[in-house]
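So this one's work_8.cif, mmCIF, C-alpha atoms:
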```cif
data_target
#
loop_
_atom_site.label_atom_id
_atom_site.label_comp_id
_atom_site.auth_asym_id
_atom_site.auth_seq_id
_atom_site.Cartn_x
_atom_site.Cartn_y
_atom_site.Cartn_z
CA MET A 1 -9.05 -19.53 -24.16
CA LEU A 2 -12.14 -17.31 -24.41
CA ASP A 3 -12.75 -17.79 -20.68
CA ILE A 4 -9.21 -16.65 -19.89
CA LEU A 5 -9.52 -13.55 -22.08
CA LEU A 6 -12.85 -12.70 -20.42
CA GLN A 7 -11.31 -13.01 -16.95
CA VAL A 8 -8.33 -10.88 -17.98
CA LEU A 9 -10.81 -8.25 -19.14
CA LEU A 10 -12.72 -8.48 -15.84
CA LEU A 11 -9.44 -8.16 -13.96
CA ALA A 12 -8.62 -5.00 -15.91
CA VAL A 13 -12.12 -3.63 -15.25
CA GLY A 14 -11.80 -4.50 -11.56
CA ILE A 15 -8.44 -2.74 -11.22
CA SER A 16 -9.83 0.29 -13.07
CA LEU A 17 -12.79 0.45 -10.69
CA LEU A 18 -10.40 0.24 -7.73
CA TYR A 19 -8.29 3.06 -9.13
CA PHE A 20 -11.20 5.39 -9.87
CA GLY A 21 -12.95 4.39 -6.66
CA GLY A 22 -9.92 5.42 -4.62
CA ASP A 23 -9.59 8.66 -6.59
CA TRP A 24 -13.28 9.52 -6.23
CA LEU A 25 -13.20 8.69 -2.53
CA VAL A 26 -10.35 11.14 -2.00
CA LYS A 27 -11.92 13.95 -4.04
CA GLY A 28 -15.40 13.45 -2.64
CA SER A 29 -14.18 13.27 0.96
CA VAL A 30 -11.96 16.34 0.65
CA THR A 31 -14.72 18.36 -1.03
CA LEU A 32 -17.30 17.34 1.55
CA SER A 33 -14.92 18.09 4.41
CA GLU A 34 -14.21 21.55 3.04
CA LYS A 35 -17.94 22.26 2.71
CA LEU A 36 -18.47 21.15 6.31
CA GLY A 37 -15.52 23.19 7.59
CA ILE A 38 -13.49 20.23 8.86
CA SER A 39 -9.84 20.91 9.66
CA PRO A 40 -7.42 20.38 6.73
CA LEU A 41 -5.22 18.42 9.16
CA VAL A 42 -7.93 15.85 9.80
CA VAL A 43 -8.74 15.69 6.10
CA GLY A 44 -5.10 15.25 5.14
CA LEU A 45 -4.53 12.40 7.55
CA THR A 46 -7.72 10.57 6.63
CA VAL A 47 -7.03 11.03 2.91
CA VAL A 48 -3.62 9.44 3.30
CA ALA A 49 -4.94 6.72 5.60
CA PHE A 50 -8.14 5.69 3.84
CA GLY A 51 -7.86 7.21 0.38
CA THR A 52 -4.85 5.75 -1.38
CA SER A 53 -5.03 2.56 0.75
CA ALA A 54 -8.74 2.02 0.02
CA PRO A 55 -8.12 -0.34 -2.94
CA GLU A 56 -5.82 -2.58 -0.86
CA LEU A 57 -8.36 -2.61 1.97
CA ALA A 58 -11.28 -3.41 -0.35
CA VAL A 59 -9.43 -6.26 -2.06
CA ASN A 60 -8.20 -7.75 1.21
CA VAL A 61 -11.60 -7.64 2.89
CA ARG A 62 -13.12 -9.39 -0.13
CA ALA A 63 -10.30 -11.94 -0.32
CA ALA A 64 -10.37 -12.72 3.39
CA SER A 65 -14.15 -13.04 3.40
CA GLY A 66 -13.98 -15.43 0.45
CA GLY A 67 -11.24 -17.64 1.85
CA ASN A 68 -8.53 -16.34 -0.51
CA GLU A 69 -6.04 -15.31 2.16
CA ALA A 70 -3.06 -15.94 -0.14
CA ILE A 71 -4.16 -12.98 -2.26
CA SER A 72 -4.35 -10.87 0.91
CA PHE A 73 -0.77 -11.73 1.83
CA GLY A 74 0.55 -11.06 -1.67
CA ASN A 75 -1.42 -7.82 -2.02
CA ILE A 76 -0.12 -6.29 1.22
CA PHE A 77 3.55 -7.10 0.81
CA GLY A 78 3.44 -6.76 -2.98
CA SER A 79 1.96 -3.27 -2.62
CA ASN A 80 4.70 -2.27 -0.20
CA ILE A 81 7.33 -3.58 -2.62
CA ALA A 82 5.69 -1.63 -5.47
CA ASN A 83 5.41 1.55 -3.41
CA ILE A 84 9.16 1.65 -2.74
CA ALA A 85 10.71 -0.01 -5.79
CA LEU A 86 8.24 1.23 -8.42
CA ILE A 87 6.52 4.43 -7.27
CA LEU A 88 9.46 6.08 -5.48
CA ALA A 89 11.68 4.89 -8.33
CA VAL A 90 9.51 6.55 -10.99
CA CYS A 91 9.27 9.75 -8.94
CA ALA A 92 13.06 9.83 -8.41
CA ILE A 93 13.67 9.28 -12.12
CA LEU A 94 11.42 12.26 -12.88
CA LYS A 95 13.06 14.47 -10.25
CA THR A 96 15.60 14.01 -7.45
CA LEU A 97 13.63 13.60 -4.22
CA THR A 98 14.97 15.60 -1.27
CA VAL A 99 13.70 13.82 1.85
CA ASN A 100 12.14 15.77 4.73
CA LYS A 101 14.01 15.52 8.05
CA GLN A 102 10.91 14.24 9.83
CA LEU A 103 10.74 11.28 7.46
CA VAL A 104 14.44 10.49 7.97
CA ARG A 105 14.43 10.84 11.75
CA LYS A 106 11.05 9.40 12.69
CA THR A 107 8.65 8.11 10.04
CA ILE A 108 10.87 5.85 7.93
CA PRO A 109 12.42 4.27 11.07
CA LEU A 110 8.85 3.60 12.24
CA LEU A 111 8.09 2.00 8.88
CA LEU A 112 11.19 -0.18 9.27
CA ALA A 113 10.07 -1.21 12.76
CA PHE A 114 6.50 -1.98 11.65
CA THR A 115 7.82 -4.00 8.68
CA GLY A 116 9.99 -6.04 11.03
CA LEU A 117 7.05 -6.54 13.41
CA ALA A 118 4.73 -7.71 10.61
CA THR A 119 7.42 -10.11 9.38
CA PHE A 120 7.85 -11.46 12.92
CA MET A 121 4.09 -11.93 13.22
CA VAL A 122 3.95 -13.90 9.97
CA LEU A 123 6.87 -16.17 10.80
CA ASP A 124 6.35 -16.15 14.60
CA PRO A 125 9.32 -18.31 15.63
CA VAL A 126 7.84 -18.85 19.11
CA ARG A 127 4.66 -20.57 17.86
CA LYS A 128 4.08 -24.23 18.61
CA PRO A 129 5.80 -26.84 16.39
CA GLY A 130 3.61 -27.97 13.50
CA GLU A 131 1.51 -24.80 13.40
CA ASN A 132 1.34 -22.99 10.08
CA PRO A 133 2.92 -19.48 10.13
CA GLU A 134 0.15 -16.87 9.95
CA VAL A 135 -1.07 -13.50 11.16
CA ASP A 136 -3.96 -14.38 13.45
CA LEU A 137 -6.76 -12.49 15.22
CA PHE A 138 -4.56 -11.45 18.17
CA ASP A 139 -1.92 -10.09 15.78
CA GLY A 140 -4.62 -8.21 13.88
CA VAL A 141 -5.88 -6.50 17.03
CA VAL A 142 -2.33 -5.51 17.99
CA LEU A 143 -1.76 -4.02 14.52
CA LEU A 144 -4.99 -2.01 14.70
CA ILE A 145 -4.02 -0.67 18.14
CA LEU A 146 -0.65 0.36 16.73
CA PHE A 147 -2.41 2.02 13.81
CA ALA A 148 -4.55 4.06 16.20
CA CYS A 149 -1.42 5.05 18.14
CA PHE A 150 0.38 6.07 14.94
CA LEU A 151 -2.57 8.17 13.78
CA TYR A 152 -2.69 9.82 17.23
CA LEU A 153 1.04 10.59 17.20
CA THR A 154 0.79 11.96 13.66
CA THR A 155 -2.09 14.24 14.65
CA MET A 156 -0.34 15.46 17.80
CA SER A 157 2.90 16.15 15.91
CA ALA A 158 1.02 18.18 13.31
CA LEU A 159 -0.83 20.14 15.99
CA GLY A 160 2.36 20.89 17.94
CA LYS A 161 4.00 24.29 18.07
CA ARG A 162 6.58 23.37 15.46
CA LYS A 163 3.98 21.58 13.29
CA ARG A 164 6.39 18.86 12.20
CA THR A 165 3.96 16.18 11.12
CA LEU A 166 5.12 12.58 10.74
CA LEU A 167 3.68 12.62 7.21
CA PRO A 168 4.98 15.80 5.56
CA GLY A 169 2.93 16.97 2.61
CA ALA A 170 -0.23 15.12 3.64
CA VAL A 171 -1.91 18.28 4.91
CA GLU A 172 -0.45 20.83 2.50
CA GLY A 173 -1.46 18.84 -0.57
CA VAL A 174 -5.09 18.42 0.39
CA GLY A 175 -6.38 21.63 -1.18
CA ASP A 176 -5.46 20.47 -4.68
CA MET A 177 -7.59 17.33 -4.30
CA ALA A 178 -10.97 19.06 -3.82
CA GLY A 179 -13.58 19.05 -6.58
CA ASN A 180 -15.69 21.98 -7.71
CA TYR A 181 -19.14 20.71 -6.74
CA SER A 182 -21.74 20.93 -3.98
CA SER A 183 -22.03 18.95 -0.74
CA LYS A 184 -24.86 16.80 -2.14
CA VAL A 185 -22.79 15.89 -5.18
CA ALA A 186 -19.79 15.19 -2.91
CA ILE A 187 -21.93 12.74 -0.88
CA LEU A 188 -22.99 10.99 -4.07
CA VAL A 189 -19.36 10.82 -5.19
CA VAL A 190 -18.34 9.22 -1.89
CA ILE A 191 -21.18 6.69 -2.08
CA GLY A 192 -20.34 5.94 -5.70
CA SER A 193 -16.66 5.52 -4.86
CA ILE A 194 -17.45 2.98 -2.15
CA GLY A 195 -19.63 1.07 -4.60
CA SER A 196 -16.85 1.22 -7.18
CA LEU A 197 -14.35 -0.14 -4.65
CA CYS A 198 -16.66 -3.01 -3.67
CA ILE A 199 -17.43 -4.00 -7.27
CA GLY A 200 -13.80 -3.55 -8.27
CA ALA A 201 -12.66 -5.76 -5.40
CA GLU A 202 -15.16 -8.45 -6.39
CA PHE A 203 -14.06 -8.45 -10.04
CA THR A 204 -10.36 -8.31 -9.15
CA VAL A 205 -10.39 -11.14 -6.62
CA SER A 206 -12.74 -13.45 -8.51
CA SER A 207 -10.88 -13.06 -11.81
CA ALA A 208 -7.49 -13.38 -10.08
CA VAL A 209 -8.59 -16.63 -8.42
CA PHE A 210 -9.91 -17.97 -11.73
CA LEU A 211 -6.70 -17.11 -13.58
CA ALA A 212 -4.58 -18.59 -10.79
CA GLU A 213 -6.44 -21.90 -11.03
CA LYS A 214 -6.66 -21.93 -14.83
CA VAL A 215 -3.06 -20.98 -15.60
CA GLY A 216 -1.52 -22.75 -12.62
CA ILE A 217 -0.09 -19.66 -10.95
CA PRO A 218 -0.49 -19.54 -7.12
CA GLU A 219 -2.91 -16.97 -5.75
CA SER A 220 -0.11 -15.44 -3.66
CA VAL A 221 1.90 -14.72 -6.83
CA ILE A 222 -1.12 -13.13 -8.55
CA GLY A 223 -1.67 -11.03 -5.43
CA LEU A 224 2.00 -10.06 -5.20
CA THR A 225 2.31 -8.96 -8.82
CA VAL A 226 -0.87 -8.16 -10.76
CA VAL A 227 -3.24 -7.28 -7.90
CA ALA A 228 -0.59 -5.40 -5.91
CA PHE A 229 0.35 -3.33 -8.95
CA GLY A 230 -3.31 -2.51 -9.60
CA THR A 231 -4.04 -1.46 -6.03
CA SER A 232 -0.87 0.70 -5.99
CA LEU A 233 -2.02 2.79 -8.96
CA PRO A 234 -3.56 5.54 -6.74
CA GLU A 235 -0.22 5.97 -4.95
CA LEU A 236 1.55 6.04 -8.32
CA ALA A 237 -0.80 8.73 -9.65
CA VAL A 238 -0.48 10.89 -6.52
CA GLY A 239 3.30 10.45 -6.46
CA VAL A 240 3.87 11.37 -10.11
CA ILE A 241 1.52 14.37 -10.03
CA ALA A 242 3.00 15.63 -6.75
CA THR A 243 6.57 15.23 -8.07
CA LEU A 244 5.82 17.08 -11.31
CA LYS A 245 4.27 19.91 -9.25
CA GLY A 246 7.35 20.06 -7.02
CA GLN A 247 5.48 18.70 -3.96
CA VAL A 248 8.19 16.18 -3.09
CA ASP A 249 7.10 15.88 0.55
CA LEU A 250 3.64 14.75 -0.55
CA ALA A 251 5.10 12.20 -2.98
CA ILE A 252 7.39 10.57 -0.40
CA GLY A 253 5.07 11.00 2.58
CA ASN A 254 2.26 9.34 0.64
CA VAL A 255 4.37 6.26 -0.11
CA VAL A 256 5.76 5.90 3.41
CA GLY A 257 2.32 6.52 4.93
CA SER A 258 0.66 4.06 2.57
CA ASN A 259 3.16 1.33 3.51
CA ILE A 260 2.52 1.91 7.20
CA PHE A 261 -1.25 1.84 6.69
CA ASN A 262 -0.97 -1.37 4.64
CA LEU A 263 0.94 -3.08 7.43
CA LEU A 264 -1.13 -1.79 10.34
CA LEU A 265 -4.62 -0.97 9.03
CA VAL A 266 -5.07 -3.29 6.04
CA MET A 267 -3.26 -6.25 7.59
CA GLY A 268 -4.99 -5.61 10.92
CA VAL A 269 -8.50 -5.52 9.44
CA THR A 270 -7.77 -8.57 7.25
CA ALA A 271 -6.46 -10.64 10.16
CA THR A 272 -9.55 -9.88 12.25
CA ILE A 273 -11.71 -11.31 9.45
CA SER A 274 -9.57 -14.37 8.72
CA GLU A 275 -6.04 -15.53 9.49
CA VAL A 276 -3.44 -14.50 6.90
CA PRO A 277 -1.12 -17.50 6.45
CA LEU A 278 2.33 -17.60 4.91
CA PRO A 279 1.68 -18.75 1.30
CA ALA A 280 2.14 -22.44 0.66
CA ASP A 281 4.00 -21.78 -2.60
CA GLY A 282 7.32 -21.93 -0.75
CA HIS A 283 8.39 -18.37 -1.61
CA GLY A 284 6.57 -16.32 1.01
CA GLN A 285 9.74 -15.99 3.08
CA GLU A 286 11.50 -14.49 0.07
CA ASP A 287 8.76 -11.88 -0.31
CA LEU A 288 9.21 -10.92 3.35
CA VAL A 289 12.98 -10.68 2.92
CA VAL A 290 12.57 -8.41 -0.12
CA VAL A 291 10.12 -6.12 1.72
CA CYS A 292 12.45 -5.82 4.73
CA TRP A 293 15.51 -5.36 2.52
CA LEU A 294 13.90 -2.63 0.40
CA THR A 295 12.68 -0.79 3.51
CA ALA A 296 16.15 -0.98 5.07
CA LEU A 297 17.71 0.14 1.77
CA LEU A 298 15.33 3.11 1.63
CA TYR A 299 16.25 4.09 5.19
CA LEU A 300 20.01 3.78 4.64
CA THR A 301 19.76 5.78 1.40
CA VAL A 302 17.87 8.72 2.93
CA LEU A 303 19.93 8.57 6.13
CA THR A 304 23.25 8.88 4.31
CA GLN A 305 22.28 11.03 1.31
CA LYS A 306 19.12 12.83 2.48
CA ARG A 307 17.73 12.32 -1.02
CA ILE A 308 16.76 9.74 -3.62
CA ALA A 309 18.50 10.56 -6.89
CA LYS A 310 17.81 9.42 -10.44
CA THR A 311 20.48 6.70 -10.19
CA GLU A 312 18.84 5.18 -7.12
CA GLY A 313 15.50 5.42 -8.92
CA TRP A 314 16.75 3.33 -11.85
CA ILE A 315 18.27 0.78 -9.46
CA LEU A 316 15.01 0.44 -7.53
CA LEU A 317 13.03 0.09 -10.74
CA ALA A 318 15.38 -2.63 -11.99
CA ILE A 319 14.93 -4.49 -8.69
CA TYR A 320 11.14 -4.27 -8.96
CA VAL A 321 10.97 -5.45 -12.57
CA SER A 322 13.47 -8.27 -11.96
CA TYR A 323 11.85 -9.60 -8.80
CA THR A 324 8.22 -9.44 -9.95
CA THR A 325 9.12 -10.99 -13.31
CA TRP A 326 10.94 -13.82 -11.56
CA ARG A 327 8.07 -14.37 -9.12
CA PHE A 328 5.41 -14.33 -11.84
CA PHE A 329 7.09 -16.51 -14.46
CA PHE A 330 9.93 -18.58 -13.06
CA SER A 331 8.99 -19.02 -9.41
CA ALA A 332 5.38 -19.90 -10.24
CA GLY A 333 6.35 -22.08 -13.14
CA GLY A 334 8.67 -24.13 -11.02
CA GLU A 335 5.98 -25.34 -8.67
#
```
Please go through the file and, once you have read it, give me the structure as C-alpha cells.
Amino acid sequence: MLDILLQVLLLAVGISLLYFGGDWLVKGSVTLSEKLGISPLVVGLTVVAFGTSAPELAVNVRAASGGNEAISFGNIFGSNIANIALILAVCAILKTLTVNKQLVRKTIPLLLAFTGLATFMVLDPVRKPGENPEVDLFDGVVLLILFACFLYLTTMSALGKRKRTLLPGAVEGVGDMAGNYSSKVAILVVIGSIGSLCIGAEFTVSSAVFLAEKVGIPESVIGLTVVAFGTSLPELAVGVIATLKGQVDLAIGNVVGSNIFNLLLVMGVTATISEVPLPADGHGQEDLVVVCWLTALLYLTVLTQKRIAKTEGWILLAIYVSYTTWRFFFSAGGE
C-alpha cells in the first residue's frame, strides 16, 4: 500500500513538472524571441506547436523509448478527447464561444480529416492478415510531412494580405505570455523547462506503468485517463485564462491546434521511435470512435451554430466524465 501511495505521489509530481515545464517553455521562448526581435507570427506558431503540446511529446518520447507504447496511444487520443470534451466544455460553460470563420471553414475540417487519417493508420484495413494494427515508421514519416505542410500553410495564411491565419488568436495572444526578465534568464528558463519536461515525463511514465501493473489497470487506460488529463493541463490553463480575458479565438484555436499537433507531430515523432500499436485491452477501437465522433460533433456544432454555448459545454463535459469514468473503472475492471 505504501508503494502505491508513493507512486501516486510521484505521478502527481511528474504531472506537475510537465505542467510547469510547458508553461516555462512558453514564457521563456516568447521572452527570448522578443529580446531577439523574432517575428510575433513565428513565435505564436511555435508556441502553439511546441509549447502546449510539449508535455504530450515528452511523455510519448519517454514511453516509446521505454517500450510502453500503450501509454503513447492512450495519451495522444486521450488528450484529444480531453481537449474537446473537457477544455472546450469548461471554456464554453464560462462564456459562450463564438467560433472564428477560419476555424469553421478550414481548420476544424482539417482536424477532422487528420483524425480520420490517424484512425485509418491505426486500424489500416489493407494490412496483411494476422498483423497487429499499429502506426509504424512509414506512417510516422507521413504524419511529420503533413505537420510540416500544415505549419507552412498556417504561416503563409497569416502572412497573406488578408492575414486570416488557420489558428486565430495564436499570434495575437503571444504578447501576454512574455516574462519580465533578461535574455540570459530567458535562456535559463528554457533550459530549466526542458529539464522539467524530461524529469516529469520520467516520473509520469514510470509511476503510471507501476500503478498499471500493481492495480491491474492496462497502460492504455492509464494513458487515456490520468496521463492524458495531466498533459492537457497547459491547454486547460491557456483556454480558461484566454476565455476569461475575452480572447475566445486563442482559447479555441489553441485546442484545435493542439489536437492537430498531437496527431501529426506527437504521433509522428513517437512512431519514428517505436511502432504505436492498437492497445491489446480490446477497447482501443472504442477510443478511436469517441475521438472521431467528438471531432465530428464539434464540426457540426460550429458549422450550424457558429458558436459553442453553455448547454453544449455541459453536454461535452458530461460525455468526458462518463466515458473516462467508464474506461478507468468498468472497462479496465472487466479485463
Residues returned when the PyMOL selection byres ((chain A and resi 262) around 12) runs on this file, as JSON, numbers by chain: {"A": [48, 49, 50, 51, 52, 53, 54, 55, 56, 57, 58, 59, 60, 72, 73, 74, 75, 76, 77, 78, 79, 80, 81, 83, 111, 114, 115, 118, 143, 144, 147, 228, 231, 232, 254, 255, 256, 257, 258, 259, 260, 261, 263, 264, 265, 266, 267, 268, 269, 270]}
Selected by the PyMOL selection byres ((chain A and resi 4-10) around 10) in the shown coordinates: which residues, as an MDAnalysis selection string? chainID A and resid 1:3 11:16 200 202:211 214:215
Would you list the contacts of Arg105 of chain A as a JSON list (two decimals) with C-alpha atoms, in the frame of the given file, taking every protein, DNA or RNA residue within 10 Å and counting all atoms listed in the file, but skipping same-chain residues closer than 5 positions in sequence?
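The resulting out_1.json:
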```json
[["chain", "number", "residue", "atom", "x", "y", "z"],
["A", 100, "ASN", "CA", 12.14, 15.77, 4.73],
["A", 110, "LEU", "CA", 8.85, 3.60, 12.24],
["A", 166, "LEU", "CA", 5.12, 12.58, 10.74],
["A", 299, "TYR", "CA", 16.25, 4.09, 5.19],
["A", 302, "VAL", "CA", 17.87, 8.72, 2.93],
["A", 303, "LEU", "CA", 19.93, 8.57, 6.13]]
```
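The coordinates place atom CA of Gly66 of chain A at 27.5 Å from atom CA of Val290 of chain A.
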Go through the shown structure with the PyMOL selection byres ((chain A and resi 119) around 12) and write out the matching residues as a ChimeraX atom specification. /A:73,76-77,112-118,120-125,133-135,139,263-264,267,276-278,284-293
9 Å contact set for segment 320-332 of chain A, all atoms listed in the file, chain neighbours under 4 positions out, as a short mmCIF file (atom, residue, chain, number, x, y, z; two decimals) with C-alpha atoms, in the coordinates of the input:
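What follows is the written file around-v6.cif:
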```cif
data_model
loop_
_atom_site.label_atom_id
_atom_site.label_comp_id
_atom_site.auth_asym_id
_atom_site.auth_seq_id
_atom_site.Cartn_x
_atom_site.Cartn_y
_atom_site.Cartn_z
CA GLY A 78 3.44 -6.76 -2.98
CA ILE A 81 7.33 -3.58 -2.62
CA ALA A 82 5.69 -1.63 -5.47
CA ILE A 84 9.16 1.65 -2.74
CA ALA A 85 10.71 -0.01 -5.79
CA LEU A 86 8.24 1.23 -8.42
CA GLY A 216 -1.52 -22.75 -12.62
CA ILE A 217 -0.09 -19.66 -10.95
CA PRO A 218 -0.49 -19.54 -7.12
CA VAL A 221 1.90 -14.72 -6.83
CA ILE A 222 -1.12 -13.13 -8.55
CA LEU A 224 2.00 -10.06 -5.20
CA THR A 225 2.31 -8.96 -8.82
CA VAL A 226 -0.87 -8.16 -10.76
CA ASP A 281 4.00 -21.78 -2.60
CA HIS A 283 8.39 -18.37 -1.61
CA VAL A 290 12.57 -8.41 -0.12
CA ILE A 315 18.27 0.78 -9.46
CA LEU A 316 15.01 0.44 -7.53
#
```
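If you look at atom CA of Tyr181 of chain A and atom CA of Thr31 of chain A, they are 7.6 Å away from each other.
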